[in-house]
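One structure is given below, encoded as structure tokens.
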Amino acid sequence: MTSRVPVLLSSSSVFPEPTAAAFEMAATVGYDGVEVMVWTDAVSQDAGALEGLARHYGVPVLSVHAPCLLVTQRVWSPDPWERLSRAAQLAETLGAPTVVVHPPFTWQRDYARNFAAGLAKVQARHPDTTFAIENMYPVRMAGRNFVPYVPGWDPTETGYDAYTLDISHCAAARMDSLEMAARMGSGLKHVHLGDGTGEGRDEHLVPGRGNQPCAELLRSLSSSGFRGSVALEVSTRKVTSRDVRVQDLRESLEFARRHLAPAESQTPAVTRA
């Protein structure tokens, strides 16, 4: 691994292909590592299987996304604390320094009430792991905005030691990702690279295909000495073939590497209107 900011491929970016395909494509395209989205695919839950894939393809697991999605509420256990603990154990076993965590859902009342204190206990059991809380977004239902998270979609309003900045979620919340990065400050440890058009839904576009300042954000990370990682989290589920999926992943990696490069090696940026 070089001193550059590592660019990871989230296994969610190859869906509906399975977790194993993410390792194959990460190796083919040249990503520095993989972020494992723990979901209903049994391989994503199995440390031994993931270790085998990492060895076979020569691509390490460098972050683990805890099973926080609606579709993963019964992965490992219906208890969210058990799921978080298992994600931390998985990351520790794999040598992944980061666990991505969503804020609690509104209906997870006990979990939400004790989230900060419980998170501190999990952190104490895994002192070498960074638990990076991710920014989310309001959901539009029946013409109205609904926030399904407690106390809200913006984790900086509560305040945590570490954050994951999701650019697509910023677009869905109609917020500039540079502003979110500023709110997160030195707590910004991990980035989900994607894009969006601000239509009020989570699009996870290839970076550069929406209207978020993806290039500027990456350049700001490079110039500020950011020591975390960037994971590509885009949606390729509607592509027409594996070749097109790989092309999207290659374009995204080239975008990330170009804008994360040291300032002296970059072409001058065009001023945004």
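Labeling convention for the structure tokens: chains A, B, ... as they appear, residues from 1 per chain, ligands from 1 in order of appearance.
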
>> Report as an MDAnalysis selection string all protein, DNA and RNA residues lying within 9 Å of stretch 36-43 of chain A, evaluated on only C-alpha atoms, omitting residues in the same chain fewer than 3 positions from it.
In response: chainID A and resid 9:12 18:20 22 46:50 61:69 71:72 74:75 87

Convert the current residue selection to file output with N, CA and C atoms, as a CSV table (one decimal), in the first residue's frame.
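Printed below is part-v9.csv as written:
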chain,number,residue,atom,x,y,z
A,9,LEU,N,-13.4,-0.4,-3.3
A,9,LEU,CA,-14.6,-0.7,-4.0
A,9,LEU,C,-15.6,-1.3,-3.0
A,10,SER,N,-16.7,-0.6,-2.8
A,10,SER,CA,-17.8,-1.2,-2.0
A,10,SER,C,-18.4,-2.3,-2.7
A,11,SER,N,-18.6,-3.4,-2.0
A,11,SER,CA,-19.3,-4.6,-2.6
A,11,SER,C,-20.7,-4.2,-3.1
A,12,SER,N,-21.3,-3.2,-2.5
A,12,SER,CA,-22.6,-2.8,-3.0
A,12,SER,C,-22.6,-2.2,-4.4
A,18,PRO,N,-22.8,-10.9,-6.6
A,18,PRO,CA,-22.5,-11.2,-5.2
A,18,PRO,C,-21.2,-10.6,-4.7
A,19,THR,N,-21.0,-10.7,-3.4
A,19,THR,CA,-19.8,-10.1,-2.8
A,19,THR,C,-18.5,-10.6,-3.4
A,20,ALA,N,-18.5,-11.8,-3.8
A,20,ALA,CA,-17.2,-12.4,-4.4
A,20,ALA,C,-16.9,-11.6,-5.6
A,22,ALA,N,-17.1,-8.5,-6.2
A,22,ALA,CA,-16.5,-7.2,-5.9
A,22,ALA,C,-15.0,-7.4,-5.8
A,46,ASP,N,-19.2,-13.8,6.4
A,46,ASP,CA,-18.3,-14.9,6.8
A,46,ASP,C,-16.8,-14.5,6.7
A,47,ALA,N,-16.2,-14.4,7.8
A,47,ALA,CA,-14.8,-13.9,7.9
A,47,ALA,C,-13.9,-14.8,7.1
A,48,GLY,N,-14.0,-16.1,7.2
A,48,GLY,CA,-13.2,-17.1,6.5
A,48,GLY,C,-13.3,-17.0,5.0
A,49,ALA,N,-14.5,-16.8,4.5
A,49,ALA,CA,-14.8,-16.7,3.1
A,49,ALA,C,-14.2,-15.4,2.6
A,50,LEU,N,-14.3,-14.3,3.4
A,50,LEU,CA,-13.8,-13.0,2.9
A,50,LEU,C,-12.2,-13.0,3.0
A,61,VAL,N,-9.6,-6.3,2.6
A,61,VAL,CA,-10.8,-5.7,3.1
A,61,VAL,C,-10.3,-4.5,4.0
A,62,LEU,N,-10.7,-3.3,3.7
A,62,LEU,CA,-10.2,-2.2,4.5
A,62,LEU,C,-11.3,-1.4,5.2
A,63,SER,N,-12.6,-1.8,4.9
A,63,SER,CA,-13.7,-1.3,5.7
A,63,SER,C,-14.8,-2.3,5.7
A,64,VAL,N,-15.7,-2.2,6.7
A,64,VAL,CA,-16.8,-3.1,6.8
A,64,VAL,C,-18.0,-2.2,7.1
A,65,HIS,N,-19.1,-2.3,6.3
A,65,HIS,CA,-20.3,-1.6,6.5
A,65,HIS,C,-21.2,-2.5,7.3
A,66,ALA,N,-21.5,-2.1,8.5
A,66,ALA,CA,-22.4,-2.8,9.4
A,66,ALA,C,-23.8,-3.0,8.7
A,67,PRO,N,-24.5,-4.1,9.1
A,67,PRO,CA,-25.8,-4.3,8.5
A,67,PRO,C,-26.9,-3.4,9.1
A,68,CYS,N,-27.0,-2.2,8.5
A,68,CYS,CA,-27.9,-1.2,9.0
A,68,CYS,C,-29.1,-0.9,8.1
A,69,LEU,N,-29.1,-1.5,6.9
A,69,LEU,CA,-30.1,-1.2,6.0
A,69,LEU,C,-31.4,-1.9,6.4
A,71,VAL,N,-33.1,-3.9,4.6
A,71,VAL,CA,-33.1,-5.3,4.2
A,71,VAL,C,-32.2,-6.2,5.0
A,72,THR,N,-31.4,-5.6,5.9
A,72,THR,CA,-30.4,-6.4,6.7
A,72,THR,C,-30.8,-6.4,8.2
A,74,ARG,N,-32.3,-8.4,10.0
A,74,ARG,CA,-32.2,-9.7,10.6
A,74,ARG,C,-31.0,-10.5,10.3
A,75,VAL,N,-30.0,-9.8,9.6
A,75,VAL,CA,-28.7,-10.4,9.4
A,75,VAL,C,-28.0,-10.6,10.7
A,87,ALA,N,-20.2,-6.9,13.4
A,87,ALA,CA,-19.5,-6.2,12.4
A,87,ALA,C,-18.1,-5.8,12.8

Who sits within 10 Å of A:Gly159, only C-alpha atoms, same chain under 2 positions skipped, as a tab-separated table (two decimals) with N, CA, C and O atoms, in the first residue's frame:
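The resulting file, out.tsv, is shown below:
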chain	number	residue	atom	x	y	z
A	116	ALA	N	-25.34	6.52	21.84
A	116	ALA	CA	-24.01	7.10	22.12
A	116	ALA	C	-23.28	6.29	23.18
A	116	ALA	O	-22.09	5.95	23.03
A	133	ILE	N	-19.79	7.24	11.76
A	133	ILE	CA	-21.24	7.41	11.60
A	133	ILE	C	-21.53	8.18	10.31
A	133	ILE	O	-20.95	9.23	10.05
A	154	ASP	N	-28.56	14.09	9.96
A	154	ASP	CA	-27.23	14.69	10.00
A	154	ASP	C	-26.56	14.36	11.34
A	154	ASP	O	-26.93	14.92	12.38
A	155	PRO	N	-25.58	13.45	11.36
A	155	PRO	CA	-24.98	13.03	12.62
A	155	PRO	C	-24.16	14.12	13.30
A	155	PRO	O	-23.88	14.02	14.49
A	156	THR	N	-23.77	15.16	12.55
A	156	THR	CA	-22.97	16.22	13.18
A	156	THR	C	-23.80	17.03	14.17
A	156	THR	O	-23.24	17.71	15.02
A	157	GLU	N	-25.13	16.96	14.05
A	157	GLU	CA	-25.97	17.69	15.01
A	157	GLU	C	-25.91	17.05	16.39
A	157	GLU	O	-26.15	17.73	17.39
A	161	ASP	N	-17.21	11.02	17.35
A	161	ASP	CA	-15.76	11.10	17.17
A	161	ASP	C	-15.35	10.91	15.72
A	161	ASP	O	-14.31	11.44	15.29
A	162	ALA	N	-16.13	10.14	14.95
A	162	ALA	CA	-15.74	9.81	13.58
A	162	ALA	C	-16.97	9.75	12.69
A	162	ALA	O	-18.05	9.34	13.13
A	163	TYR	N	-16.78	10.15	11.42
A	163	TYR	CA	-17.88	10.21	10.47
A	163	TYR	C	-17.50	9.57	9.14
A	163	TYR	O	-16.34	9.58	8.73
A	183	ARG	N	-18.58	20.53	8.32
A	183	ARG	CA	-19.26	20.23	9.59
A	183	ARG	C	-18.57	19.07	10.31
A	183	ARG	O	-18.44	19.07	11.54
A	184	MET	N	-18.16	18.08	9.56
A	184	MET	CA	-17.52	16.91	10.16
A	184	MET	C	-16.12	17.22	10.65
A	184	MET	O	-15.64	16.60	11.61
A	187	GLY	N	-13.24	15.02	12.35
A	187	GLY	CA	-13.89	13.73	12.56
A	187	GLY	C	-14.14	12.96	11.28
A	187	GLY	O	-14.51	11.78	11.33

> Hey, can you check how far atom CA of A:Glu203 sits from atom CA of A:Ser168?
Replying inline: 6.3 Å

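Using only C-alpha atoms, the nearest neighbour of A:Ser85 within the list A:Gly185, A:Val101, A:Ala54, A:Phe146 is A:Val101.
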
> Could you pull out all residues of stretch 8-240 of chain A with a DSSP call of strand (DSSP E or B) and give them as a ChimeraX atom specification?
Replying inline: /A:8-10,33-37,61-65,98-101,105,130-134,139-141,144-146,149,163-166,188-193,195,205,229-232
